[in-house]
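Enquirer: Coordinates in run_5.cif, mmCIF, C-alpha atoms, are listed below.
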data_target
loop_
_atom_site.label_atom_id
_atom_site.label_comp_id
_atom_site.auth_asym_id
_atom_site.auth_seq_id
_atom_site.Cartn_x
_atom_site.Cartn_y
_atom_site.Cartn_z
CA MET A 137 39.08 35.85 50.46
CA ASN A 138 36.77 38.83 50.68
CA THR A 139 38.99 41.79 49.74
CA SER A 140 36.79 44.18 51.78
CA ILE A 141 37.81 42.51 55.04
CA ILE A 142 40.32 44.70 56.86
CA ILE A 143 40.91 42.58 60.01
CA GLU A 144 40.28 38.87 60.28
CA ALA A 145 40.79 36.71 63.35
CA ILE A 146 41.00 32.94 62.96
CA ASN A 147 41.06 30.45 65.85
CA LEU A 148 42.24 33.03 68.38
CA ASN A 149 43.26 31.59 71.72
CA LEU A 150 44.59 33.49 74.71
CA THR A 151 45.31 31.41 77.79
CA ILE A 152 46.85 32.73 81.00
CA GLY A 153 47.92 29.94 83.33
CA LYS A 154 45.12 27.42 83.08
CA LYS A 155 42.44 30.00 82.31
CA LYS A 156 41.26 30.52 78.75
CA ILE A 157 40.63 34.25 78.33
CA LEU A 158 39.72 34.27 74.62
CA ASP A 159 38.51 31.49 72.35
CA ILE A 160 37.42 33.11 69.08
CA GLU A 161 36.81 30.76 66.18
CA HIS A 162 36.36 33.50 63.58
CA LEU A 163 35.78 37.23 63.41
CA ALA A 164 35.89 39.32 60.24
CA ILE A 165 35.72 43.12 60.25
CA GLU A 166 34.99 44.77 56.91
CA GLU A 167 36.40 48.09 55.76
CA GLY A 168 34.13 50.93 56.85
CA GLU A 169 32.20 48.70 59.25
CA ALA A 170 31.26 50.01 62.70
CA ILE A 171 31.32 47.21 65.28
CA ALA A 172 30.25 47.29 68.91
CA LEU A 173 31.71 44.76 71.35
CA ILE A 174 29.39 44.08 74.29
CA GLY A 175 29.30 41.51 77.04
CA PRO A 176 29.20 41.13 80.82
CA ASN A 177 32.17 42.10 82.98
CA GLY A 178 35.09 39.76 82.36
CA ALA A 179 33.77 38.58 79.00
CA GLY A 180 37.01 39.59 77.23
CA LYS A 181 35.90 42.72 75.35
CA SER A 182 38.89 44.94 76.12
CA THR A 183 41.26 41.98 75.87
CA LEU A 184 40.00 41.17 72.37
CA MET A 185 40.50 44.79 71.37
CA GLN A 186 44.08 44.69 72.66
CA VAL A 187 44.73 41.50 70.71
CA LEU A 188 43.34 43.01 67.49
CA MET A 189 45.67 46.00 67.98
CA LEU A 190 48.67 43.73 68.63
CA LEU A 191 49.02 45.10 72.13
CA ARG A 192 48.69 41.61 73.63
CA ARG A 193 50.29 38.46 72.32
CA LEU A 194 48.14 35.45 71.46
CA THR A 195 48.69 31.94 72.74
CA SER A 196 47.70 30.63 69.31
CA GLY A 197 45.71 31.63 66.23
CA LYS A 198 46.05 33.96 63.28
CA LEU A 199 45.40 37.66 62.70
CA LEU A 200 45.18 39.09 59.20
CA PHE A 201 45.24 42.74 58.13
CA LYS A 202 43.90 43.12 54.57
CA GLY A 203 44.90 39.51 53.98
CA GLU A 204 48.43 39.88 55.36
CA ASN A 205 49.48 37.80 58.36
CA MET A 206 50.07 40.21 61.27
CA GLU A 207 53.24 38.90 62.82
CA TRP A 208 54.33 40.10 66.24
CA LYS A 209 57.74 41.19 64.94
CA ASN A 210 55.94 43.73 62.71
CA ALA A 211 53.52 44.87 65.42
CA ILE A 212 54.60 48.53 65.41
CA ALA A 213 54.07 48.85 61.65
CA TYR A 214 50.50 47.57 61.97
CA ARG A 215 49.73 49.63 65.07
CA ARG A 216 50.62 52.75 63.10
CA ARG A 217 47.71 51.98 60.80
CA MET A 218 45.34 52.09 63.76
CA ALA A 219 44.38 54.47 66.58
CA MET A 220 42.79 53.99 69.98
CA VAL A 221 40.71 56.12 72.35
CA LEU A 222 40.46 54.99 75.96
CA GLN A 223 38.26 55.82 78.92
CA GLU A 224 41.44 56.95 80.71
CA LEU A 225 42.43 60.19 79.00
CA LEU A 226 46.24 59.87 79.20
CA LEU A 227 46.81 63.38 77.86
CA LEU A 228 50.29 64.86 77.91
CA ASP A 229 51.02 67.75 80.28
CA THR A 230 51.12 70.29 77.48
CA THR A 231 48.71 72.29 75.32
CA VAL A 232 45.72 70.94 73.42
CA TYR A 233 47.50 71.63 70.12
CA HIS A 234 50.59 69.62 71.10
CA ASN A 235 48.46 66.75 72.42
CA VAL A 236 46.56 66.47 69.14
CA ALA A 237 49.80 66.78 67.14
CA SER A 238 51.81 64.32 69.26
CA GLY A 239 51.00 61.15 67.32
CA MET A 240 51.73 62.77 63.97
CA LYS A 241 55.08 64.04 65.25
CA LEU A 242 56.02 60.55 66.45
CA ARG A 243 55.16 59.17 63.02
CA GLY A 244 57.35 61.71 61.27
CA PHE A 245 54.79 63.83 59.40
CA HIS A 246 55.93 67.10 57.86
CA ALA A 247 55.17 70.22 59.93
CA ASN A 248 52.82 71.68 57.29
CA THR A 249 50.79 68.47 57.20
CA ILE A 250 50.63 68.41 60.99
CA ASN A 251 49.43 72.00 61.19
CA ALA A 252 46.77 71.50 58.52
CA ARG A 253 45.34 68.30 60.00
CA VAL A 254 45.41 69.52 63.59
CA LYS A 255 43.60 72.70 62.55
CA GLU A 256 40.97 70.61 60.74
CA TRP A 257 40.26 68.32 63.70
CA LEU A 258 40.24 71.08 66.27
CA GLU A 259 37.51 72.66 64.16
CA ARG A 260 35.57 69.44 63.56
CA LEU A 261 35.50 68.64 67.28
CA ASP A 262 34.74 72.25 68.23
CA ILE A 263 37.86 72.77 70.34
CA THR A 264 39.69 75.42 68.30
CA HIS A 265 39.19 77.87 71.15
CA LEU A 266 41.10 75.47 73.43
CA ARG A 267 44.14 75.28 71.14
CA ASP A 268 46.62 76.84 73.59
CA ARG A 269 45.03 75.67 76.84
CA GLN A 270 46.96 73.26 79.07
CA ALA A 271 45.42 69.79 79.14
CA ARG A 272 45.30 69.77 82.95
CA ASN A 273 42.84 72.68 82.83
CA LEU A 274 40.26 70.90 80.64
CA SER A 275 36.91 69.48 81.70
CA GLY A 276 36.17 65.78 81.19
CA GLY A 277 34.21 66.41 77.99
CA GLU A 278 36.87 68.76 76.61
CA SER A 279 39.59 66.23 77.39
CA GLN A 280 37.74 63.46 75.59
CA ARG A 281 37.31 65.68 72.53
CA VAL A 282 41.09 66.19 72.55
CA SER A 283 41.60 62.41 72.79
CA LEU A 284 39.28 61.87 69.83
CA ALA A 285 41.07 64.56 67.81
CA ARG A 286 44.45 63.02 68.63
CA ALA A 287 43.28 59.68 67.25
CA LEU A 288 41.36 60.92 64.21
CA VAL A 289 44.08 63.33 63.06
CA LEU A 290 46.17 60.25 62.26
CA GLU A 291 43.57 59.17 59.66
CA PRO A 292 43.71 55.58 60.94
CA GLU A 293 42.47 52.67 58.90
CA VAL A 294 40.86 51.26 62.07
CA LEU A 295 39.72 53.25 65.11
CA PHE A 296 39.39 51.41 68.42
CA LEU A 297 37.31 52.96 71.21
CA ASP A 298 37.33 51.36 74.66
CA GLU A 299 34.41 52.86 76.63
CA PRO A 300 35.58 56.39 75.78
CA PHE A 301 32.60 58.18 77.36
CA ALA A 302 32.01 56.00 80.44
CA ALA A 303 33.36 58.57 82.92
CA LEU A 304 31.39 61.54 81.53
CA ASP A 305 28.13 62.98 82.84
CA ALA A 306 24.98 61.99 80.96
CA PRO A 307 24.44 65.21 78.92
CA THR A 308 28.10 65.36 77.80
CA ARG A 309 28.07 61.67 77.01
CA ALA A 310 24.94 62.01 74.87
CA LEU A 311 26.38 64.97 72.96
CA LEU A 312 29.72 63.29 72.26
CA THR A 313 28.02 60.04 71.23
CA SER A 314 25.98 61.96 68.65
CA GLU A 315 29.04 63.84 67.37
CA LEU A 316 31.13 60.68 67.15
CA ALA A 317 28.36 58.96 65.16
CA ARG A 318 28.43 61.86 62.68
CA ILE A 319 32.22 61.69 62.38
CA LEU A 320 32.22 57.92 61.82
CA GLN A 321 29.66 58.35 59.06
CA GLU A 322 31.54 61.23 57.42
CA THR A 323 34.98 59.57 57.50
CA ASN A 324 33.77 55.99 56.94
CA VAL A 325 36.64 54.83 59.15
CA THR A 326 36.41 51.24 60.33
CA SER A 327 35.64 51.31 64.05
CA VAL A 328 35.51 48.85 66.94
CA PHE A 329 33.70 50.17 70.00
CA VAL A 330 33.53 48.63 73.49
CA THR A 331 30.67 49.73 75.73
CA HIS A 332 28.58 48.64 78.71
CA ASP A 333 25.77 51.00 77.70
CA PHE A 334 23.64 49.39 75.00
CA SER A 335 21.80 52.66 74.35
CA GLU A 336 24.95 53.86 72.53
CA VAL A 337 25.12 50.81 70.29
CA PRO A 338 22.42 51.58 67.67
CA ILE A 339 23.88 55.09 67.25
CA LEU A 340 27.53 54.09 66.90
CA SER A 341 27.47 50.67 65.22
CA GLU A 342 25.89 48.62 62.48
CA THR A 343 27.10 45.27 63.81
CA VAL A 344 27.10 43.96 67.37
CA VAL A 345 29.48 41.25 68.57
CA VAL A 346 28.45 39.75 71.91
CA LEU A 347 31.16 38.11 74.01
CA GLN A 348 30.52 35.71 76.86
CA GLN A 349 33.34 33.93 78.68
CA GLY A 350 35.78 34.83 75.91
CA GLN A 351 33.64 33.45 73.09
CA ILE A 352 31.42 35.12 70.49
CA VAL A 353 27.86 34.01 71.23
CA GLN A 354 26.05 36.34 68.82
CA LYS A 355 26.97 38.60 65.90
CA ALA A 356 24.12 40.53 64.32
CA SER A 357 22.60 43.96 63.77
CA PRO A 358 21.68 46.04 66.84
CA HIS A 359 17.98 45.44 66.10
CA GLU A 360 18.47 41.67 65.86
CA VAL A 361 20.40 41.52 69.14
CA MET A 362 17.83 43.74 70.87
CA THR A 363 14.81 41.77 69.70
CA ARG A 364 16.25 38.27 69.21
CA PRO A 365 18.95 37.74 71.89
CA VAL A 366 20.32 34.20 71.85
CA ASN A 367 20.29 33.61 75.61
CA ARG A 368 19.38 35.07 78.99
CA THR A 369 22.74 36.82 79.43
CA VAL A 370 22.43 38.67 76.12
CA ALA A 371 18.80 39.55 76.87
CA THR A 372 19.84 41.13 80.16
CA LEU A 373 22.62 43.10 78.44
CA VAL A 374 20.25 44.64 75.91
CA GLY A 375 17.48 45.59 78.32
CA VAL A 376 14.91 42.82 77.98
CA ASP A 377 13.26 43.20 81.40
CA ASN A 378 10.62 40.55 80.77
CA MET A 379 11.87 36.93 80.77
CA ILE A 380 8.96 34.74 81.77
CA PRO A 381 9.26 30.93 82.22
CA GLY A 382 6.69 28.94 80.26
CA LYS A 383 6.07 25.75 78.32
CA VAL A 384 5.17 25.34 74.66
CA ILE A 385 1.90 23.40 74.45
CA GLY A 386 1.27 23.51 70.70
CA ASP A 387 0.43 25.86 67.87
CA GLN A 388 -2.65 27.48 66.37
CA ASP A 389 -3.11 29.63 63.25
CA ASN A 390 0.68 29.66 62.68
CA LYS A 391 1.25 30.90 66.23
CA THR A 392 3.15 29.05 68.96
CA ILE A 393 1.12 28.68 72.16
CA VAL A 394 3.01 29.00 75.45
CA GLN A 395 1.46 28.22 78.82
CA VAL A 396 2.57 30.80 81.38
CA GLY A 397 0.82 30.27 84.70
CA ALA A 398 -2.91 30.61 84.02
CA HIS A 399 -2.30 32.40 80.71
CA GLN A 400 -1.73 31.15 77.20
CA LEU A 401 0.53 33.49 75.25
CA LYS A 402 1.11 33.47 71.50
CA ALA A 403 4.41 33.91 69.67
CA SER A 404 4.89 34.15 65.92
CA ALA A 405 8.08 32.05 65.71
CA PRO A 406 7.76 28.25 65.67
CA PHE A 407 9.07 26.28 68.65
CA PRO A 408 8.82 22.53 69.44
CA ALA A 409 5.90 21.47 71.61
CA GLY A 410 6.91 20.41 75.10
CA SER A 411 9.86 22.82 75.26
CA ASN A 412 10.53 24.72 78.44
CA VAL A 413 11.14 28.30 77.33
CA LEU A 414 11.66 31.85 78.43
CA VAL A 415 9.16 34.27 76.91
CA LEU A 416 11.04 37.48 76.09
CA VAL A 417 9.15 40.75 75.53
CA ARG A 418 10.74 44.20 75.57
CA PRO A 419 8.98 46.77 77.83
CA GLU A 420 8.45 49.18 74.93
CA ASP A 421 6.50 46.49 73.05
CA ILE A 422 3.84 46.16 75.77
CA ARG A 423 0.82 48.48 75.48
CA LEU A 424 -1.50 49.75 78.17
CA ILE A 425 -5.01 49.23 76.79
CA LYS A 426 -8.00 51.47 77.39
CA GLY A 427 -11.41 49.98 76.65
CA GLU A 428 -12.20 46.53 75.29
CA PRO A 429 -9.82 44.13 73.48
CA ARG A 430 -9.77 44.52 69.70
CA PRO A 431 -10.65 41.53 67.49
CA GLY A 432 -7.64 39.95 65.78
CA ARG A 433 -5.18 41.05 68.46
CA HIS A 434 -3.55 38.57 70.83
CA ASN A 435 -1.92 38.46 74.28
CA TYR A 436 -4.31 40.56 76.35
CA ILE A 437 -3.54 40.25 80.07
CA ASN A 438 -5.08 41.92 83.11
CA GLY A 439 -2.92 42.92 86.02
CA ILE A 440 -2.30 45.32 88.89
CA VAL A 441 0.44 47.96 88.94
CA ARG A 442 2.67 47.06 91.89
CA GLU A 443 5.70 49.34 91.43
CA ILE A 444 6.65 52.41 89.42
CA PHE A 445 10.31 53.21 88.75
CA PRO A 446 11.17 56.81 87.83
CA GLY A 447 12.96 57.88 84.67
CA SER A 448 13.49 61.12 82.76
CA VAL A 449 10.84 60.82 80.01
CA PHE A 450 9.49 57.32 80.55
CA TYR A 451 8.84 55.47 83.78
CA LYS A 452 8.84 51.71 84.22
CA ALA A 453 5.72 50.14 85.66
CA MET A 454 5.86 46.60 87.06
CA VAL A 455 2.47 44.97 86.60
CA ASP A 456 1.48 41.82 88.51
CA CYS A 457 -0.26 39.50 86.04
CA GLY A 458 0.29 36.36 88.08
CA PHE A 459 3.87 36.92 86.92
CA PRO A 460 5.63 40.30 86.67
CA LEU A 461 5.50 42.27 83.42
CA VAL A 462 7.41 45.52 82.99
CA THR A 463 6.16 48.17 80.58
CA TYR A 464 6.93 51.82 79.92
CA VAL A 465 4.57 54.64 80.84
CA SER A 466 5.09 58.33 80.24
CA ALA A 467 6.08 60.71 83.00
CA GLY A 468 2.86 62.59 82.21
CA GLN A 469 0.73 59.49 82.87
CA VAL A 470 2.29 59.17 86.31
CA MET A 471 2.21 62.86 87.22
CA ASP A 472 -1.39 63.24 86.01
CA GLY A 473 -2.50 60.32 88.16
CA GLU A 474 -3.45 58.12 85.22
CA ILE A 475 -1.05 55.40 86.36
CA PHE A 476 -0.51 54.65 90.05
CA THR A 477 0.32 51.68 92.24
CA GLU A 478 -2.53 49.19 92.83
CA LYS A 479 -4.35 50.38 89.70
CA GLU A 480 -5.92 47.60 87.64
CA VAL A 481 -4.78 47.71 84.02
CA MET A 482 -4.96 45.70 80.81
CA LEU A 483 -1.78 44.99 78.82
CA GLN A 484 -1.34 43.74 75.27
CA PHE A 485 1.59 42.75 73.06
CA ASP A 486 1.76 41.30 69.57
CA PRO A 487 3.00 37.74 68.90
CA GLU A 488 5.59 39.20 66.50
CA LYS A 489 7.19 41.00 69.46
CA VAL A 490 7.60 37.79 71.46
CA HIS A 491 10.93 35.95 71.32
CA LEU A 492 11.33 32.45 72.75
CA ILE A 493 14.58 30.90 73.97
CA ASN A 494 15.25 27.60 75.69
CA ASN A 495 15.06 27.68 79.45
#
Could you take the file, read its structure, and then write that structure out as structure tokens?
Expert:
Amino acid sequence: MNTSIIIEAINLNLTIGKKKILDIEHLAIEEGEAIALIGPNGAGKSTLMQVLMLLRRLTSGKLLFKGENMEWKNAIAYRRRMAMVLQELLLLDTTVYHNVASGMKLRGFHANTINARVKEWLERLDITHLRDRQARNLSGGESQRVSLARALVLEPEVLFLDEPFAALDAPTRALLTSELARILQETNVTSVFVTHDFSEVPILSETVVVLQQGQIVQKASPHEVMTRPVNRTVATLVGVDNMIPGKVIGDQDNKTIVQVGAHQLKASAPFPAGSNVLVLVRPEDIRLIKGEPRPGRHNYINGIVREIFPGSVFYKAMVDCGFPLVTYVSAGQVMDGEIFTEKEVMLQFDPEKVHLINN
């Protein structure tokens, strides 16, 4: 057994009535690893987290903590080696200091140790000035900082975070995401993070576990999941706007040729001829081309801009190429009149940026 594995799940099954909620063949979490759990609504993300924390009893299967079998009768002992931060704040109706100290008091730490650690985490999360404020008088961002401090002050071996920033406004969420990433790196605490916002994933995790209908369908790095999703559901989760039906008609110069409407597109990965596929291309990998096509480049397509969707820095432009292609354009290109609806444009993307999955 790999001694660096802190939590291991083997043949996990959770069934309620006749419905199978979780069916996990194997999941290993290494010490110091930062894992993101993603999936559509109802995929079992939060339920899996509860099972790993021994907050929900399994129907069958085995959970190991550093190689030891986690038995339900010893659940409290194992839970005390972990901590959890929820979207719901659940702060006590007392001061910030007493909220942060509450878990340590319950676990019987000496008063001097409590004072020292609470002081440290109030400073690290920039809430020292809130020490004596009542929790009911805190903003959402301040409250979530207190929740993080309350968990981290325990120095857990595993930190679970269940969509902790989902209810916050965008600027506060971005700031706390950045600060949490720094803290995870500094402490090297093992973390398991549930989110619906994939933009947080590359910042807060090194491994992504994708759940679908209670099963793990992909486990890989954020980059791999973003650029090589295993199916349509995963592609939608990670922001692949372009999923174009096509058919593989052969290969040429080590490139797979896919017929898409009147166009022949090239992909670098091999795929069997005759396969019906979805051609996946991320919007950020599609270029707007000025001038003539360059020799040696592939996948040039002409089209007409049909719709422009606003964003903060980048806008999305939907280009009609006989099929829709979505690409990013800058706010400046739109505001300066360089890109507008009904404009004829040329697009290009490299075969290496094309991912094919069965359709």
Enquirer: With distances taken over all atoms listed in the file, which of A:Ala145, A:Val330, A:Leu284, A:Leu173 is nearest to A:Ser196?
Expert: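 Closest candidate: A:Ala145.
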Enquirer: Applied to the shown file, which residues does the PyMOL selection byres ((chain A and resi 405) around 7) return, written as a ChimeraX atom specification?
Expert: /A:391-392,403-404,406-407
Enquirer: If we count all atoms listed in the file and set the cut-off at 10 Å, which residues sit around A:Pro176, ignoring sequence neighbours fewer than 5 positions away in its own chain? Please answer as number ranges by chain.
Expert: A: 181, 332, 346-349, 369-370, 372-373
Enquirer: Which residue gives the smallest distance to A:Met185 among A:Val294, A:Ala285, A:Ala247, A:Ile493, with all atoms listed in the file counted?
Expert: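 Closest residue, counting all atoms listed in the file: A:Val294.
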Enquirer: Just give me the gap between atom CA of A:Lys452 and atom CA of A:Glu336 in Å, one decimal is fine.
Expert: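 Atom-to-atom, atom CA of A:Lys452 to atom CA of A:Glu336, that is 20.0 Å.
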Enquirer: Using all atoms listed in the file, which residue out of A:Ile171, A:Arg433, A:Leu424, A:Asp456 lies closest to A:Pro338?
Expert: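 The closest residue to A:Pro338 is A:Ile171.
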Enquirer: Starting from the displayed file, determine the output of the PyMOL selection byres ((chain A and resi 190) around 9) and express the residue list as a ChimeraX atom specification.
Expert: /A:185-189,191-194,206-208,211-212,214-215
Enquirer: Restricting the calculation to only C-alpha atoms, which member of A:Val289, A:Val232, A:Ala371, A:Leu295 is positioned closest to A:Asp268?
Expert: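 Among the listed residues, the smallest separation from A:Asp268 belongs to A:Val232.
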Enquirer: Excluding same-chain residues fewer than 3 positions from stretch 309-326 of chain A, what lies within 8 Å of it counting all atoms listed in the file, as a list in words?
Expert: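 That gives Glu166, Glu167, Gly168, Glu169, Ala170, Gly277, Arg281, Pro292, Glu293, Val294, Leu295, Phe301, Ala302, Leu304, Asp305, Ala306, Glu336, Ile339 and Leu340 of chain A.
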Enquirer: Save out the residues we just selected, C-alpha atoms, as a PDB file, in the frame of the given file.
Expert:
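The resulting file, part32.pdb, is shown below:
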ATOM      1  CA  GLU A 166      34.990  44.770  56.910  1.00  0.00           C
ATOM      2  CA  GLU A 167      36.400  48.090  55.760  1.00  0.00           C
ATOM      3  CA  GLY A 168      34.130  50.930  56.850  1.00  0.00           C
ATOM      4  CA  GLU A 169      32.200  48.700  59.250  1.00  0.00           C
ATOM      5  CA  ALA A 170      31.260  50.010  62.700  1.00  0.00           C
ATOM      6  CA  GLY A 277      34.210  66.410  77.990  1.00  0.00           C
ATOM      7  CA  ARG A 281      37.310  65.680  72.530  1.00  0.00           C
ATOM      8  CA  PRO A 292      43.710  55.580  60.940  1.00  0.00           C
ATOM      9  CA  GLU A 293      42.470  52.670  58.900  1.00  0.00           C
ATOM     10  CA  VAL A 294      40.860  51.260  62.070  1.00  0.00           C
ATOM     11  CA  LEU A 295      39.720  53.250  65.110  1.00  0.00           C
ATOM     12  CA  PHE A 301      32.600  58.180  77.360  1.00  0.00           C
ATOM     13  CA  ALA A 302      32.010  56.000  80.440  1.00  0.00           C
ATOM     14  CA  LEU A 304      31.390  61.540  81.530  1.00  0.00           C
ATOM     15  CA  ASP A 305      28.130  62.980  82.840  1.00  0.00           C
ATOM     16  CA  ALA A 306      24.980  61.990  80.960  1.00  0.00           C
ATOM     17  CA  GLU A 336      24.950  53.860  72.530  1.00  0.00           C
ATOM     18  CA  ILE A 339      23.880  55.090  67.250  1.00  0.00           C
ATOM     19  CA  LEU A 340      27.530  54.090  66.900  1.00  0.00           C
TER      20      LEU A 340
END
